Amino acid sequence: MSSKIGVVGDRESVLAFKMLGFDVYFASEAKETRRTIDKLAEENYGVVYLTEQLAELIPDTISRYDAKLTPAIILIPNHAGSRGIGKKRVQENVEKAVGQNIL
Amino acid sequence: MAKLNVNPTRMELSNLKDRLSLASRGHKLLKDKQDELMRRFITLIRQNNELRIEVEEKLSKAMQSFAMAKSLVHENFIEELMAVPSQSVNLNIDQKNIMSVRVPQMHFQYGETADDPKDLSYGYLNSNGELDLTFQYLIEVMPDMLELAEIEKTCQLMADEIEKTRRRVNALEFMTIPQLEETIYFIQMKLDEAERASITRLMKVKDMG
């Protein structure tokens with residue numbers, strides 16, 4: 001099964017990914033982001049990279065896709081740097097599975 | 001621990017014994033599943049954590065340099081440069097089964113340029129040195145990014161499954177099995193008592209005669 005790779009984020013940060021052959025979508029507010037993510041999920045995208053700034057706005061949508069096999073929504077920092085949300089999600093996984101943070 | 005609300009009969013006793021043996025077997029199996037999942041999860045999550053830190057660091061660097069490059073040239077020119085991507089990535093997703101957790105296994109195929117960043121073709125006109133740097137960073141980080149996607153998704157799915165399994169194991173270990181054991185004990189005592197009562201009654205009846 002062939003899938004696509006998408007990047008969602010603000011213009012300044014994600015435009016460069018176009019050069020790598022990823023499909024780039026711009027969004028700047030919650031509703032727009034949610035709509036884009038839902039659309040990508042329907043269109044057989046396997047991996048969606050989402051900037052942390054936008055991820056912060058739509059936690060519900062992200063947790064909805066967490067339980068599904070595809071798409072994998074992976075948080076990336078934007079040009080202003082990382083906000084630690086991606087790392088926090090890893091730690092949450094650990095806590096959920098192990099019961100305490102062992103990292 | 002509360003015992004179940006059942007009639008103390010032989011029939012019920014045999015039913016409960018069957019349930020207890022089933023519950024113990026299920027508990028053992030689930031416990032094994034949980035242990036194995038946990039073992040794999042821990043190695044994966046450590047890898048995930050390291051990879052994420054690395055990717056985040058490299059990506060921020062790349063994006064900062066891109067922001068810098070972009071500020072030096074007009075936006076339209078940048079978009080024009082990007083209009084035809086000189087590289088393509090193909091992604092195939094298979095399903096893998098780790099202890100009955102379905103996880104994605106991603107196979108990536110890069111275009112020819114992946115090994116050599118100098119091959120990325122875009123015009124000299126309207127581009128600048130920062131842009132070259134940006135692409136160099138991005139190409140460096142791309143394989144890691146793709147690997148991160150696979151590992152992080154796997155970890156997410158496994159964490160969910162481990163939580164579910166743990167709840168099941170605990171429910172069996174601390175609720176179902178003790179309840180069943182206590183009820184079986186109760187019924188056995190009740191039945192023994194009834195037997196003794198009936199013997200005594202028979203003896204009394206015999207004495208009257």
# chains A, B, ... in the order shown; residues from 1 in each chain; ligands from 1

call {"tool": "residues_around", "arguments": {"residues": "Ser13 in chain A", "least_positions_apart": "5", "cutoff": "6 Å", "atoms": "only C-alpha atoms", "output": "MDAnalysis selection string"}}
result
(chainID A and resid 78:79) or (chainID B and resid 63)

call {"tool": "interface_residues", "arguments": {"of": "chain A", "to": "chain B", "cutoff": "9 Å", "atoms": "only C-alpha atoms", "output": "MDAnalysis selection string"}}
result
chainID A and resid 1:5 12:22 46:49 66:74 76:82 86:87 90:91 93:99 103

call {"tool": "select_by_dssp", "arguments": {"residues": "chain A", "states": "alpha helix (DSSP H)", "output": "ChimeraX atom specification"}}
result
/A:11-14,30-42,52-55,59-66,85-98

call {"tool": "closest_residue", "arguments": {"among": "A:Gly9, A:Arg83, A:Glu52, A:Tyr45", "to": "Thr33 in chain A", "atoms": "only C-alpha atoms"}}
result
A:Gly9

call {"tool": "closest_residue", "arguments": {"among": "B:Leu20, B:Met11, B:Met99, B:Leu4", "to": "Thr183 in chain B", "atoms": "only C-alpha atoms"}}
result
B:Leu4

call {"tool": "atom_distance", "arguments": {"atom1": "CA of Glu130 in chain B", "atom2": "CA of Ser28 in chain A"}}
result
25.0 Å

call {"tool": "decode", "arguments": {"residues": "range 28-68 of chain A", "atoms": "N, CA and C atoms", "output": "compact mmCIF listing (two decimals), in the first residue's frame"}}
result
# COMPACT_ATOMS: atom_id res chain seq x y z
N SER A 28 -2.85 28.15 10.05
CA SER A 28 -2.38 29.03 11.11
C SER A 28 -3.33 29.04 12.30
N GLU A 29 -4.54 28.50 12.13
CA GLU A 29 -5.41 28.48 13.31
C GLU A 29 -6.10 27.12 13.44
N ALA A 30 -6.79 26.95 14.58
CA ALA A 30 -7.24 25.61 14.97
C ALA A 30 -8.15 24.95 13.94
N LYS A 31 -9.16 25.70 13.49
CA LYS A 31 -10.16 25.11 12.62
C LYS A 31 -9.53 24.65 11.31
N GLU A 32 -8.70 25.53 10.79
CA GLU A 32 -8.02 25.23 9.54
C GLU A 32 -7.17 23.96 9.68
N THR A 33 -6.43 23.89 10.80
CA THR A 33 -5.55 22.75 11.03
C THR A 33 -6.35 21.46 11.12
N ARG A 34 -7.44 21.52 11.88
CA ARG A 34 -8.25 20.33 12.07
C ARG A 34 -8.77 19.83 10.73
N ARG A 35 -9.24 20.79 9.93
CA ARG A 35 -9.78 20.40 8.63
C ARG A 35 -8.70 19.77 7.75
N THR A 36 -7.53 20.36 7.77
CA THR A 36 -6.43 19.82 6.96
C THR A 36 -6.08 18.41 7.40
N ILE A 37 -5.95 18.22 8.71
CA ILE A 37 -5.56 16.90 9.22
C ILE A 37 -6.60 15.86 8.85
N ASP A 38 -7.89 16.21 9.03
CA ASP A 38 -8.95 15.25 8.69
C ASP A 38 -8.91 14.90 7.21
N LYS A 39 -8.63 15.92 6.41
CA LYS A 39 -8.59 15.68 4.97
C LYS A 39 -7.42 14.74 4.62
N LEU A 40 -6.27 15.00 5.24
CA LEU A 40 -5.10 14.18 4.96
C LEU A 40 -5.33 12.73 5.40
N ALA A 41 -6.01 12.59 6.54
CA ALA A 41 -6.27 11.24 7.05
C ALA A 41 -7.12 10.45 6.07
N GLU A 42 -8.06 11.15 5.44
CA GLU A 42 -8.93 10.46 4.48
C GLU A 42 -8.18 10.12 3.21
N GLU A 43 -7.19 10.94 2.87
CA GLU A 43 -6.53 10.77 1.59
C GLU A 43 -5.31 9.85 1.64
N ASN A 44 -5.31 8.93 2.59
CA ASN A 44 -4.27 7.92 2.59
C ASN A 44 -2.86 8.48 2.81
N TYR A 45 -2.77 9.42 3.73
CA TYR A 45 -1.44 9.88 4.13
C TYR A 45 -0.95 8.98 5.26
N GLY A 46 0.28 8.50 5.16
CA GLY A 46 0.80 7.59 6.18
C GLY A 46 1.42 8.33 7.34
N VAL A 47 2.10 9.42 7.04
CA VAL A 47 2.76 10.20 8.07
C VAL A 47 2.37 11.66 7.88
N VAL A 48 1.99 12.31 8.96
CA VAL A 48 1.72 13.75 8.90
C VAL A 48 2.59 14.43 9.95
N TYR A 49 3.47 15.30 9.51
CA TYR A 49 4.27 16.08 10.45
C TYR A 49 3.52 17.37 10.74
N LEU A 50 3.38 17.67 12.02
CA LEU A 50 2.60 18.82 12.43
C LEU A 50 3.44 19.66 13.38
N THR A 51 3.43 20.97 13.19
CA THR A 51 4.25 21.78 14.10
C THR A 51 3.59 21.84 15.48
N GLU A 52 4.43 21.94 16.49
CA GLU A 52 3.93 21.90 17.86
C GLU A 52 2.97 23.05 18.15
N GLN A 53 3.24 24.19 17.53
CA GLN A 53 2.39 25.36 17.77
C GLN A 53 0.94 25.07 17.40
N LEU A 54 0.77 24.36 16.28
CA LEU A 54 -0.58 24.03 15.84
C LEU A 54 -1.15 22.87 16.65
N ALA A 55 -0.27 21.94 17.01
CA ALA A 55 -0.72 20.77 17.77
C ALA A 55 -1.32 21.20 19.10
N GLU A 56 -0.78 22.28 19.63
CA GLU A 56 -1.26 22.78 20.91
C GLU A 56 -2.73 23.19 20.83
N LEU A 57 -3.14 23.61 19.63
CA LEU A 57 -4.51 24.12 19.48
C LEU A 57 -5.54 23.00 19.35
N ILE A 58 -5.10 21.85 18.89
CA ILE A 58 -6.09 20.80 18.61
C ILE A 58 -5.72 19.46 19.27
N PRO A 59 -5.60 19.43 20.60
CA PRO A 59 -5.21 18.18 21.27
C PRO A 59 -6.21 17.04 21.03
N ASP A 60 -7.50 17.38 20.92
CA ASP A 60 -8.52 16.33 20.76
C ASP A 60 -8.34 15.59 19.45
N THR A 61 -8.13 16.36 18.39
CA THR A 61 -7.99 15.74 17.07
C THR A 61 -6.78 14.80 17.06
N ILE A 62 -5.71 15.24 17.70
CA ILE A 62 -4.50 14.42 17.69
C ILE A 62 -4.70 13.14 18.47
N SER A 63 -5.36 13.24 19.62
CA SER A 63 -5.54 12.01 20.39
C SER A 63 -6.51 11.06 19.69
N ARG A 64 -7.37 11.63 18.84
CA ARG A 64 -8.28 10.77 18.07
C ARG A 64 -7.49 9.89 17.11
N TYR A 65 -6.43 10.45 16.52
CA TYR A 65 -5.66 9.67 15.56
C TYR A 65 -4.59 8.82 16.23
N ASP A 66 -4.35 9.07 17.52
CA ASP A 66 -3.33 8.28 18.22
C ASP A 66 -3.65 6.80 18.22
N ALA A 67 -4.95 6.51 18.33
CA ALA A 67 -5.34 5.10 18.45
C ALA A 67 -5.39 4.39 17.11
N LYS A 68 -5.28 5.16 16.03
CA LYS A 68 -5.39 4.53 14.71
C LYS A 68 -4.02 4.20 14.15
